[in-house]
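The next block is start-v1.cif, given as mmCIF, C-alpha atoms.
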```cif
data_final
loop_
_atom_site.label_atom_id
_atom_site.label_comp_id
_atom_site.auth_asym_id
_atom_site.auth_seq_id
_atom_site.Cartn_x
_atom_site.Cartn_y
_atom_site.Cartn_z
CA MET A 1 -21.25 11.56 99.30
CA ASP A 2 -19.87 10.71 102.78
CA THR A 3 -18.95 7.09 103.50
CA GLU A 4 -21.63 6.41 106.12
CA ARG A 5 -24.40 7.64 103.89
CA ALA A 6 -23.01 5.76 100.89
CA VAL A 7 -23.01 2.47 102.81
CA LEU A 8 -26.64 2.95 103.87
CA VAL A 9 -27.78 3.83 100.38
CA TRP A 10 -25.87 1.00 98.70
CA ALA A 11 -27.18 -1.55 101.22
CA GLY A 12 -30.73 -0.54 100.36
CA TRP A 13 -29.99 -0.74 96.68
CA PHE A 14 -28.50 -4.21 97.12
CA ASP A 15 -31.70 -5.31 98.88
CA ASP A 16 -33.75 -4.17 95.92
CA PHE A 17 -31.30 -5.65 93.45
CA PHE A 18 -31.33 -9.09 95.03
CA ALA A 19 -35.11 -8.98 95.50
CA SER A 20 -35.39 -8.74 91.72
CA LEU A 21 -33.39 -11.97 91.34
CA ALA A 22 -34.42 -13.96 94.42
CA GLY A 23 -37.41 -15.72 92.90
CA VAL A 24 -35.09 -17.62 90.54
CA PHE A 25 -33.69 -19.68 93.41
CA GLY A 26 -36.93 -21.06 94.84
CA ARG A 27 -36.07 -22.47 98.25
CA VAL A 28 -34.43 -20.51 101.05
CA GLU A 29 -31.12 -22.40 101.12
CA PRO A 30 -30.03 -21.73 97.50
CA ARG A 31 -31.39 -18.21 97.85
CA ARG A 32 -29.18 -17.57 100.87
CA MET A 33 -26.21 -19.06 99.06
CA ALA A 34 -26.90 -16.94 95.97
CA MET A 35 -26.93 -13.75 98.02
CA SER A 36 -23.71 -14.72 99.79
CA TYR A 37 -22.07 -15.67 96.48
CA VAL A 38 -22.89 -12.34 94.80
CA LYS A 39 -21.74 -10.40 97.87
CA ALA A 40 -18.46 -12.32 97.77
CA LEU A 41 -18.06 -11.53 94.05
CA ILE A 42 -18.26 -7.79 94.74
CA ALA A 43 -16.15 -7.99 97.91
CA PRO A 44 -12.35 -7.50 98.00
CA VAL A 45 -11.68 -11.24 97.82
CA GLU A 46 -8.35 -11.88 96.10
CA ARG A 47 -9.32 -14.99 94.13
CA LYS A 48 -13.05 -15.62 93.81
CA ASN A 49 -12.98 -19.39 93.56
CA GLY A 50 -14.81 -21.98 95.65
CA TRP A 51 -12.36 -22.00 98.55
CA GLN A 52 -12.00 -18.24 98.94
CA ILE A 53 -15.71 -17.55 98.49
CA ALA A 54 -16.43 -20.19 101.13
CA GLU A 55 -13.87 -18.57 103.44
CA HIS A 56 -15.42 -15.14 102.90
CA VAL A 57 -18.91 -16.49 103.62
CA GLY A 58 -17.69 -18.28 106.74
CA HIS A 59 -17.77 -21.92 105.62
CA ALA A 60 -15.03 -24.34 106.68
CA THR A 61 -14.99 -26.05 103.26
CA PRO A 62 -16.15 -25.18 99.74
CA ASP A 63 -18.68 -28.04 99.72
CA ARG A 64 -21.77 -25.83 99.93
CA VAL A 65 -20.43 -23.45 97.28
CA GLN A 66 -19.74 -26.38 94.96
CA TRP A 67 -23.18 -27.84 95.65
CA PHE A 68 -24.78 -24.50 94.87
CA LEU A 69 -23.06 -24.24 91.48
CA ALA A 70 -23.20 -27.89 90.40
CA ARG A 71 -26.15 -29.64 92.02
CA SER A 72 -28.73 -27.25 93.47
CA THR A 73 -31.98 -26.74 91.58
CA TRP A 74 -32.17 -23.41 89.80
CA CYS A 75 -31.94 -22.23 86.20
CA ALA A 76 -29.11 -19.98 85.02
CA ASP A 77 -31.18 -18.84 82.04
CA GLN A 78 -33.95 -17.64 84.35
CA LEU A 79 -31.34 -15.68 86.30
CA ARG A 80 -30.07 -14.23 83.01
CA ASP A 81 -33.58 -13.05 82.15
CA ALA A 82 -34.10 -11.49 85.61
CA LEU A 83 -30.71 -9.78 85.37
CA ARG A 84 -31.55 -8.39 81.93
CA LEU A 85 -34.79 -6.94 83.33
CA PHE A 86 -32.89 -5.30 86.19
CA VAL A 87 -30.37 -3.72 83.80
CA VAL A 88 -33.08 -2.47 81.46
CA GLN A 89 -34.98 -0.94 84.37
CA PHE A 90 -32.12 1.49 84.98
CA LEU A 91 -30.31 1.85 81.65
CA ALA A 92 -33.04 1.46 79.02
CA ARG A 93 -33.00 3.93 76.14
CA PRO A 94 -34.47 3.55 72.68
CA ASP A 95 -31.05 4.27 71.16
CA GLY A 96 -29.33 1.63 73.33
CA VAL A 97 -26.80 -0.64 71.65
CA LEU A 98 -26.48 -4.41 71.89
CA VAL A 99 -22.77 -5.20 71.60
CA LEU A 100 -21.62 -8.71 70.64
CA ASP A 101 -18.12 -9.96 71.40
CA GLU A 102 -16.26 -12.93 72.81
CA THR A 103 -13.63 -13.51 75.44
CA ALA A 104 -11.42 -16.47 76.33
CA PHE A 105 -10.80 -18.23 79.62
CA LEU A 106 -7.39 -19.93 79.73
CA LYS A 107 -7.54 -23.46 81.15
CA LYS A 108 -5.39 -26.52 81.80
CA GLY A 109 -6.54 -30.04 80.96
CA ARG A 110 -9.27 -31.13 78.57
CA MET A 111 -12.36 -31.88 80.68
CA SER A 112 -13.88 -28.44 81.36
CA ALA A 113 -16.89 -27.99 79.07
CA GLY A 114 -15.85 -26.52 75.72
CA VAL A 115 -12.13 -26.34 76.46
CA ALA A 116 -9.90 -26.87 73.41
CA PRO A 117 -6.90 -25.36 71.60
CA GLN A 118 -8.48 -22.29 69.96
CA TYR A 119 -7.76 -18.64 69.31
CA ALA A 120 -7.77 -16.52 72.46
CA GLY A 121 -8.14 -12.81 71.87
CA ILE A 122 -6.66 -12.00 75.27
CA THR A 123 -3.27 -13.38 74.16
CA GLY A 124 -3.62 -13.12 70.38
CA GLN A 125 -2.65 -16.76 69.78
CA ILE A 126 -3.92 -20.33 69.99
CA GLU A 127 -4.38 -21.39 73.62
CA ASN A 128 -6.01 -24.20 75.53
CA CYS A 129 -9.09 -22.30 76.62
CA GLN A 130 -12.82 -21.89 76.76
CA VAL A 131 -14.35 -19.19 74.57
CA ALA A 132 -17.69 -17.56 75.28
CA VAL A 133 -19.84 -15.10 73.36
CA PHE A 134 -21.39 -12.23 75.34
CA CYS A 135 -23.96 -9.53 74.71
CA ALA A 136 -23.67 -6.18 76.47
CA TYR A 137 -26.33 -3.50 76.74
CA ALA A 138 -24.67 -0.10 76.32
CA THR A 139 -25.95 3.46 76.49
CA ASP A 140 -24.27 6.81 76.98
CA THR A 141 -24.87 6.50 80.76
CA GLY A 142 -23.88 2.90 81.50
CA ARG A 143 -23.26 -0.61 80.23
CA ALA A 144 -23.62 -4.17 81.51
CA LEU A 145 -23.36 -7.76 80.28
CA ILE A 146 -26.85 -9.23 79.80
CA ASP A 147 -26.33 -12.54 77.96
CA ARG A 148 -23.72 -15.24 77.48
CA GLU A 149 -23.17 -18.53 75.68
CA LEU A 150 -20.27 -20.95 75.93
CA TYR A 151 -18.92 -21.86 72.49
CA LEU A 152 -18.63 -25.59 71.84
CA PRO A 153 -15.83 -26.52 69.36
CA ALA A 154 -16.15 -29.36 66.85
CA ALA A 155 -13.94 -31.65 68.94
CA TRP A 156 -16.59 -31.64 71.62
CA CYS A 157 -19.52 -32.18 69.26
CA GLU A 158 -17.68 -35.26 67.95
CA ASP A 159 -17.23 -36.72 71.46
CA ALA A 160 -20.62 -37.68 72.87
CA GLY A 161 -19.12 -39.28 75.97
CA ARG A 162 -17.26 -36.14 77.00
CA CYS A 163 -20.37 -34.02 76.38
CA GLN A 164 -22.48 -36.33 78.53
CA LEU A 165 -19.92 -36.28 81.34
CA GLN A 166 -20.00 -32.47 81.48
CA ARG A 167 -23.82 -32.39 81.17
CA ILE A 168 -23.89 -30.47 77.91
CA PRO A 169 -27.48 -30.31 76.58
CA ARG A 170 -28.00 -32.73 73.72
CA PRO A 171 -29.24 -30.08 71.21
CA ARG A 172 -25.98 -28.10 71.69
CA ALA A 173 -23.79 -31.21 71.56
CA LYS A 174 -25.18 -32.42 68.22
CA ALA A 175 -23.49 -29.84 65.99
CA VAL A 176 -21.27 -26.79 66.17
CA VAL A 177 -23.15 -23.52 66.58
CA THR A 178 -21.02 -20.68 65.23
CA LYS A 179 -20.20 -17.66 67.36
CA PRO A 180 -22.13 -15.26 65.08
CA GLU A 181 -25.14 -17.58 65.35
CA LEU A 182 -24.86 -17.49 69.15
CA GLY A 183 -24.81 -13.70 68.89
CA ARG A 184 -27.89 -13.73 66.65
CA ARG A 185 -29.75 -15.82 69.23
CA MET A 186 -28.89 -13.31 71.94
CA VAL A 187 -30.21 -10.42 69.87
CA GLU A 188 -33.38 -12.38 69.19
CA ARG A 189 -33.86 -13.06 72.91
CA CYS A 190 -33.55 -9.35 73.60
CA ARG A 191 -36.02 -8.54 70.85
CA ARG A 192 -38.57 -11.03 72.18
CA ALA A 193 -38.11 -9.69 75.71
CA ARG A 194 -38.87 -6.20 74.35
CA VAL A 195 -35.53 -4.77 75.41
CA PRO A 196 -35.37 -1.20 74.08
CA PHE A 197 -32.44 -0.95 71.68
CA GLY A 198 -31.75 0.85 68.45
CA TRP A 199 -28.58 -0.82 67.21
CA VAL A 200 -26.35 -3.88 67.20
CA ALA A 201 -22.56 -3.41 67.12
CA ALA A 202 -19.74 -5.93 66.80
CA ASP A 203 -16.18 -6.43 65.62
CA SER A 204 -15.13 -8.06 62.37
CA ALA A 205 -15.46 -11.62 63.68
CA TYR A 206 -19.22 -10.99 63.57
CA GLY A 207 -19.33 -8.28 60.92
CA GLN A 208 -17.89 -10.56 58.26
CA ASP A 209 -20.65 -13.13 58.84
CA ARG A 210 -23.19 -12.26 56.16
CA LYS A 211 -25.80 -14.63 57.61
CA LEU A 212 -25.82 -12.63 60.83
CA ARG A 213 -26.09 -9.32 58.99
CA ALA A 214 -28.85 -10.64 56.73
CA ALA A 215 -30.80 -11.90 59.76
CA LEU A 216 -30.64 -8.46 61.37
CA GLU A 217 -31.71 -6.81 58.14
CA ARG A 218 -34.76 -9.07 57.89
CA ARG A 219 -35.76 -7.89 61.37
CA ARG A 220 -35.10 -4.24 60.37
CA ILE A 221 -32.43 -3.96 63.08
CA PRO A 222 -29.79 -1.31 62.38
CA TYR A 223 -26.17 -2.33 62.92
CA VAL A 224 -22.59 -1.08 62.78
CA MET A 225 -20.06 -3.92 62.42
CA ALA A 226 -16.39 -3.90 61.59
CA VAL A 227 -15.41 -5.79 58.44
CA PRO A 228 -12.00 -6.93 57.14
CA VAL A 229 -10.34 -5.20 54.18
CA ASP A 230 -11.21 -8.08 51.84
CA GLU A 231 -14.96 -7.60 52.35
CA THR A 232 -16.57 -6.67 49.01
CA VAL A 233 -19.10 -3.98 48.21
CA HIS A 234 -21.06 -3.25 45.06
CA THR A 235 -21.85 0.11 43.52
CA ARG A 236 -23.28 1.03 40.15
CA GLY A 237 -20.15 2.83 39.07
CA THR A 238 -17.48 0.41 40.23
CA GLY A 239 -19.09 -3.04 40.40
CA ASN A 240 -17.74 -5.38 43.08
CA LEU A 241 -14.65 -4.10 44.90
CA ARG A 242 -12.86 -4.82 48.15
CA VAL A 243 -13.66 -2.14 50.70
CA ASP A 244 -10.07 -0.85 50.74
CA ALA A 245 -10.01 -0.59 46.93
CA PHE A 246 -13.43 1.09 46.97
CA ALA A 247 -12.30 3.67 49.55
CA ALA A 248 -9.22 4.43 47.44
CA ALA A 249 -11.18 4.71 44.18
CA VAL A 250 -14.14 6.81 45.32
CA PRO A 251 -13.79 10.40 46.56
CA LEU A 252 -14.85 10.36 50.21
CA LEU A 253 -15.69 13.40 52.32
CA PHE A 254 -14.07 12.95 55.75
CA GLU A 255 -15.04 14.83 58.89
CA ARG A 256 -13.35 14.72 62.26
CA ARG A 257 -15.43 13.42 65.16
CA SER A 258 -14.91 11.85 68.56
CA CYS A 259 -16.44 8.42 69.14
CA GLY A 260 -16.22 8.74 72.91
CA ALA A 261 -13.82 9.33 75.76
CA GLY A 262 -10.71 7.22 76.05
CA ALA A 263 -8.02 6.88 78.71
CA LYS A 264 -6.14 9.81 77.15
CA GLY A 265 -9.13 11.97 76.26
CA PRO A 266 -11.58 12.00 73.33
CA ARG A 267 -11.03 9.27 70.71
CA SER A 268 -11.03 11.43 67.59
CA TYR A 269 -10.82 10.08 64.05
CA ASP A 270 -11.65 11.17 60.54
CA TRP A 271 -14.86 9.52 59.28
CA ALA A 272 -16.59 9.14 55.93
CA LEU A 273 -19.80 7.44 54.77
CA ALA A 274 -20.69 6.01 51.36
CA GLU A 275 -23.87 4.27 50.24
CA VAL A 276 -23.14 0.78 48.89
CA THR A 277 -24.72 -2.63 48.37
CA TRP A 278 -23.48 -5.57 50.40
CA PRO A 279 -23.45 -8.74 48.30
CA GLY A 280 -25.05 -11.66 50.13
CA GLY A 281 -27.24 -9.50 52.35
CA ALA A 282 -30.93 -10.01 52.97
CA GLU A 283 -32.80 -11.11 49.84
CA GLY A 284 -33.86 -8.09 47.82
CA GLY A 285 -31.42 -5.73 49.57
CA PRO A 286 -32.25 -3.43 52.49
CA ARG A 287 -35.88 -3.07 53.48
CA ARG A 288 -37.86 -0.02 52.51
CA GLY A 289 -36.62 3.02 54.40
CA TYR A 290 -33.21 1.46 55.15
CA VAL A 291 -29.83 1.75 53.41
CA HIS A 292 -26.50 -0.07 53.30
CA LEU A 293 -23.49 2.12 54.06
CA LEU A 294 -19.75 1.76 54.33
CA LEU A 295 -18.25 3.69 57.25
CA VAL A 296 -14.55 4.48 56.89
CA ARG A 297 -12.43 5.44 59.90
CA ARG A 298 -9.02 7.04 59.37
CA SER A 299 -6.45 7.74 62.05
CA VAL A 300 -5.69 11.42 62.64
CA THR A 301 -2.01 10.81 63.41
CA ASP A 302 -1.42 8.08 60.80
CA PRO A 303 -3.72 8.38 57.75
CA THR A 304 -2.59 4.95 56.51
CA ARG A 305 -4.37 3.30 59.43
CA ILE A 306 -7.90 2.80 58.10
CA ALA A 307 -10.75 0.62 59.37
CA TYR A 308 -14.03 -0.28 57.67
CA PHE A 309 -17.53 -0.88 59.00
CA ALA A 310 -20.66 -2.32 57.44
CA VAL A 311 -23.69 -0.24 58.33
CA HIS A 312 -27.39 -0.99 58.00
CA ALA A 313 -29.42 2.04 59.06
CA ARG A 314 -32.57 4.00 58.47
CA ALA A 315 -32.26 6.34 55.52
CA GLY A 316 -31.11 9.76 56.65
CA THR A 317 -29.35 8.60 59.81
CA PRO A 318 -26.66 11.23 60.54
CA ILE A 319 -23.03 10.20 60.61
CA GLY A 320 -22.74 11.43 64.19
CA GLU A 321 -25.22 8.81 65.38
CA ILE A 322 -23.38 6.04 63.53
CA VAL A 323 -20.05 7.14 65.01
CA ARG A 324 -21.65 7.16 68.49
CA VAL A 325 -22.74 3.56 68.04
CA MET A 326 -19.30 2.56 66.81
CA GLY A 327 -17.78 4.13 69.90
CA LEU A 328 -20.08 2.20 72.22
CA ARG A 329 -18.86 -1.05 70.66
CA TRP A 330 -15.76 -0.75 72.86
CA SER A 331 -17.86 -0.71 76.03
CA ILE A 332 -18.02 -4.49 76.12
CA GLU A 333 -14.23 -4.59 76.52
CA ASP A 334 -14.63 -2.42 79.62
CA CYS A 335 -17.25 -4.88 80.88
CA PHE A 336 -14.88 -7.82 80.39
CA GLU A 337 -12.04 -6.03 82.14
CA THR A 338 -14.13 -5.02 85.16
CA ALA A 339 -15.94 -8.36 85.39
CA LYS A 340 -12.62 -10.24 85.43
CA SER A 341 -10.77 -7.91 87.78
CA ASP A 342 -13.59 -7.07 90.22
CA CYS A 343 -16.33 -9.71 89.86
CA GLY A 344 -14.45 -12.99 89.40
CA LEU A 345 -15.69 -13.67 85.88
CA ASP A 346 -12.65 -15.84 85.14
CA HIS A 347 -11.92 -17.11 88.67
CA TYR A 348 -14.16 -20.16 88.55
CA GLU A 349 -13.02 -23.75 89.07
CA VAL A 350 -15.96 -25.64 87.60
CA ARG A 351 -16.14 -28.11 84.73
CA THR A 352 -19.77 -28.81 83.88
CA TRP A 353 -21.93 -26.87 81.46
CA ASP A 354 -24.52 -25.82 84.05
CA ALA A 355 -21.96 -24.81 86.68
CA TRP A 356 -20.10 -22.64 84.15
CA HIS A 357 -23.27 -20.80 83.11
CA ARG A 358 -24.28 -20.36 86.75
CA HIS A 359 -21.00 -18.80 87.86
CA ILE A 360 -20.75 -16.60 84.78
CA THR A 361 -24.32 -15.31 85.16
CA LEU A 362 -23.80 -14.56 88.87
CA SER A 363 -20.63 -12.67 87.96
CA MET A 364 -22.60 -10.72 85.35
CA ALA A 365 -25.15 -9.90 88.06
CA ALA A 366 -22.38 -8.61 90.35
CA LEU A 367 -21.05 -6.44 87.52
CA ALA A 368 -24.53 -5.07 86.78
CA PHE A 369 -25.01 -4.10 90.42
CA LEU A 370 -21.66 -2.30 90.54
CA THR A 371 -22.27 -0.54 87.23
CA ILE A 372 -25.76 0.65 88.08
CA THR A 373 -24.76 1.60 91.62
CA ASP A 374 -22.07 3.82 90.13
CA THR A 375 -24.57 5.35 87.70
CA ARG A 376 -27.14 6.00 90.43
CA THR A 377 -24.54 7.39 92.84
CA ARG A 378 -23.38 9.95 90.30
CA HIS A 379 -26.94 11.25 90.01
CA LEU A 380 -27.74 11.22 93.75
CA PRO A 381 -28.18 14.72 95.26
CA GLU A 382 -26.17 15.61 98.32
CA PRO A 383 -28.56 15.95 101.29
CA ASP A 384 -27.89 17.92 104.46
CA SER A 385 -28.20 14.85 106.69
CA THR A 386 -28.87 11.12 106.65
CA ALA A 387 -32.49 11.94 107.44
CA ASP A 388 -32.82 12.83 103.78
CA LEU A 389 -31.82 9.36 102.62
CA PRO A 390 -34.13 8.12 99.86
CA THR A 391 -36.33 5.12 100.55
CA PRO A 392 -35.90 2.49 97.83
CA THR A 393 -39.16 1.93 95.98
CA ASP A 394 -38.03 -0.25 93.11
CA PRO A 395 -40.93 -2.25 91.64
CA ALA A 396 -38.78 -5.37 91.75
CA ARG A 397 -39.20 -5.59 95.54
CA THR A 398 -41.44 -8.50 96.46
CA SER A 399 -43.62 -9.56 99.37
CA GLU A 400 -40.57 -11.37 100.72
CA LYS A 401 -38.70 -8.07 101.15
CA GLY A 402 -38.37 -8.53 104.89
CA GLU A 403 -36.80 -11.95 104.41
CA HIS A 404 -34.26 -10.54 101.94
CA ARG A 405 -33.27 -7.78 104.34
CA GLY A 406 -32.70 -10.39 107.02
CA LEU A 407 -30.56 -12.41 104.66
CA LEU A 408 -28.42 -9.41 103.82
CA LYS A 409 -27.69 -8.83 107.50
CA SER A 410 -26.97 -12.50 108.22
#
```

Could you express the structure from this file as structure tokens?
Amino acid sequence: MDTERAVLVWAGWFDDFFASLAGVFGRVEPRRMAMSYVKALIAPVERKNGWQIAEHVGHATPDRVQWFLARSTWCADQLRDALRLFVVQFLARPDGVLVLDETAFLKKGRMSAGVAPQYAGITGQIENCQVAVFCAYATDTGRALIDRELYLPAAWCEDAGRCQLQRIPRPRAKAVVTKPELGRRMVERCRRARVPFGWVAADSAYGQDRKLRAALERRRIPYVMAVPVDETVHTRGTGNLRVDAFAAAVPLLFERRSCGAGAKGPRSYDWALAEVTWPGGAEGGPRRGYVHLLLVRRSVTDPTRIAYFAVHARAGTPIGEIVRVMGLRWSIEDCFETAKSDCGLDHYEVRTWDAWHRHITLSMAALAFLTITDTRTRHLPEPDSTADLPTPTDPARTSEKGEHRGLLKS
């Protein structure tokens, strides 16, 4: 696609995209600021903090940007819901995967909501940071972040004054909500919003939480989750065994499959499945028509490198489908990387609970627009001239469409 045509098409798509979100902001002033903020997040701004966003927008000071994040009247959760609807409109598939994972935001000081010395996966050690749980929607054609929750450590729940200062909602400040529980709430929100998905995937931080797995089983939601080597399984022949001991004791039939494309080509491993029982699962075991499975992944180049995954699936689900889901689990890491490098996910300089959720959700919106624009561009036919440009007809466009177009040009 030539550059001139691409700019025209993308501008129309941005109009439609923002029209689907604009109603969240109510009055014209926060709506204008929201559009400018998202445009700055997807622009080549070096550091997407209050000062540089204000500079990009044309403001002499960051006062209006700070007002927009901290004091204007709009709900970040409503924006999250509108963003989720936008993503589903373009990426929805019945075999879509909800991926749960967390990422850390390194910080100085102790006053930013939720900041504390805690494990940061980005460095692999204890850091002074904020940690947030995210949910991504992933399919074979695209992926985007659709939900988020800031984790609140015990030190904060024990300090009512600090919670009040950073405007943390009282229900969240009363007691620690675990990261797997935050993930469960996100899955439940997607289910209630009728998001089409067939699976939930996560790493071992979530896979080892039996309460989360049992909750999904009660809802008849299939999952593929990594588990540590000391996770136990039960079989009639062996009783309770650690998964590594079970895999060594039971003859497994491995087959080589790719779980998706990596930076150096297909990510191929040897895979095996075994039917097991997971102690501590949903009461009465898997629901009728479902089974518990152990998925074993073995490195092709180093057979001693083995990983294990708890699986809850419909009976008869082929191993290829389970491997596909496992491969999509990594898509949330791509989302984090792109959101931080291109959409300012970790560039914020805010302290309060509401301001954090507002910036993060706007960054997620910027990422969703970039992701879906890329997906749509790859499927756009090459016309002979700009006269063949498609006219956007997205249902999200509202009666205020003309106003939004004017805002985009301003």

Residues matched by the PyMOL selection byres ((chain A and resi 118) around 9), written as a list in words: Val115, Ala116, Pro117, Tyr119, Ala120, Gln125, Ile126, Glu127, Asn128, Cys129, Gln130, Val131 and Pro153 of chain A

Can you write out the residues you just picked, keeping C-alpha atoms, as a PDB file, keeping the file's coordinate frame?
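This went into selection-v5.pdb:
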```pdb
ATOM      1  CA  VAL A 115     -12.130 -26.340  76.460  1.00  0.00           C
ATOM      2  CA  ALA A 116      -9.900 -26.870  73.410  1.00  0.00           C
ATOM      3  CA  PRO A 117      -6.900 -25.360  71.600  1.00  0.00           C
ATOM      4  CA  TYR A 119      -7.760 -18.640  69.310  1.00  0.00           C
ATOM      5  CA  ALA A 120      -7.770 -16.520  72.460  1.00  0.00           C
ATOM      6  CA  GLN A 125      -2.650 -16.760  69.780  1.00  0.00           C
ATOM      7  CA  ILE A 126      -3.920 -20.330  69.990  1.00  0.00           C
ATOM      8  CA  GLU A 127      -4.380 -21.390  73.620  1.00  0.00           C
ATOM      9  CA  ASN A 128      -6.010 -24.200  75.530  1.00  0.00           C
ATOM     10  CA  CYS A 129      -9.090 -22.300  76.620  1.00  0.00           C
ATOM     11  CA  GLN A 130     -12.820 -21.890  76.760  1.00  0.00           C
ATOM     12  CA  VAL A 131     -14.350 -19.190  74.570  1.00  0.00           C
ATOM     13  CA  PRO A 153     -15.830 -26.520  69.360  1.00  0.00           C
TER      14      PRO A 153
END
```

Residues at most 10 Å from Val276 of chain A, counting all atoms listed in the file, excluding those fewer than 2 positions away in the same chain, as a tab-separated table (two decimals) with C-alpha atoms, in the coordinates of the input?
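result.tsv was written with the following content:
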```
chain	number	residue	atom	x	y	z
A	232	THR	CA	-16.57	-6.67	49.01
A	233	VAL	CA	-19.10	-3.98	48.21
A	234	HIS	CA	-21.06	-3.25	45.06
A	235	THR	CA	-21.85	0.11	43.52
A	236	ARG	CA	-23.28	1.03	40.15
A	246	PHE	CA	-13.43	1.09	46.97
A	273	LEU	CA	-19.80	7.44	54.77
A	274	ALA	CA	-20.69	6.01	51.36
A	278	TRP	CA	-23.48	-5.57	50.40
A	279	PRO	CA	-23.45	-8.74	48.30
A	291	VAL	CA	-29.83	1.75	53.41
A	292	HIS	CA	-26.50	-0.07	53.30
A	293	LEU	CA	-23.49	2.12	54.06
A	294	LEU	CA	-19.75	1.76	54.33
A	310	ALA	CA	-20.66	-2.32	57.44
A	311	VAL	CA	-23.69	-0.24	58.33
```

Can you pull out the residues contacting segment 84-91 of chain A? Cut-off 10 Å, using all atoms listed in the file, and skip same-chain residues under 4 positions away; I want them as a PyMOL selection string. chain A and resi 16-18+20-21+78-80+96+136-147+190+193-197+364-365+368-369+371-373+375-376+394-396

Near segment 219-222 of chain A, within 12 Å and counting all atoms listed in the file, which residues show up once chain neighbours fewer than 3 positions away are dropped, as a compact mmCIF listing (two decimals) with C-alpha atoms, keeping the file's coordinate frame?
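Result went into result.txt, see below:
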```txt
# COMPACT_ATOMS: atom_id res chain seq x y z
CA ASP A 95 -31.05 4.27 71.16
CA GLY A 96 -29.33 1.63 73.33
CA VAL A 97 -26.80 -0.64 71.65
CA LEU A 98 -26.48 -4.41 71.89
CA ARG A 184 -27.89 -13.73 66.65
CA VAL A 187 -30.21 -10.42 69.87
CA GLU A 188 -33.38 -12.38 69.19
CA CYS A 190 -33.55 -9.35 73.60
CA ARG A 191 -36.02 -8.54 70.85
CA ARG A 192 -38.57 -11.03 72.18
CA PRO A 196 -35.37 -1.20 74.08
CA PHE A 197 -32.44 -0.95 71.68
CA GLY A 198 -31.75 0.85 68.45
CA TRP A 199 -28.58 -0.82 67.21
CA VAL A 200 -26.35 -3.88 67.20
CA ALA A 201 -22.56 -3.41 67.12
CA ALA A 202 -19.74 -5.93 66.80
CA LEU A 212 -25.82 -12.63 60.83
CA ARG A 213 -26.09 -9.32 58.99
CA ALA A 214 -28.85 -10.64 56.73
CA ALA A 215 -30.80 -11.90 59.76
CA LEU A 216 -30.64 -8.46 61.37
CA MET A 225 -20.06 -3.92 62.42
CA ALA A 282 -30.93 -10.01 52.97
CA GLY A 285 -31.42 -5.73 49.57
CA PRO A 286 -32.25 -3.43 52.49
CA ARG A 287 -35.88 -3.07 53.48
CA ARG A 288 -37.86 -0.02 52.51
CA GLY A 289 -36.62 3.02 54.40
CA TYR A 290 -33.21 1.46 55.15
CA VAL A 291 -29.83 1.75 53.41
CA HIS A 292 -26.50 -0.07 53.30
CA LEU A 293 -23.49 2.12 54.06
CA ALA A 310 -20.66 -2.32 57.44
CA VAL A 311 -23.69 -0.24 58.33
CA HIS A 312 -27.39 -0.99 58.00
CA ALA A 313 -29.42 2.04 59.06
CA ARG A 314 -32.57 4.00 58.47
CA ALA A 315 -32.26 6.34 55.52
CA THR A 317 -29.35 8.60 59.81
CA GLU A 321 -25.22 8.81 65.38
CA ILE A 322 -23.38 6.04 63.53
CA VAL A 325 -22.74 3.56 68.04
```

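Take atom CA of Ile306 of chain A and atom CA of Thr178 of chain A: the distance between them is 27.8 Å.
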
From atom CA of Gly121 of chain A to atom CA of Lys39 of chain A the spacing works out at 29.4 Å

Atom CA of Ser299 of chain A to atom CA of Ala248 of chain A, straight-line distance in Å: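 Pair atom CA of Ala248 of chain A / atom CA of Ser299 of chain A returns 15.2 Å.
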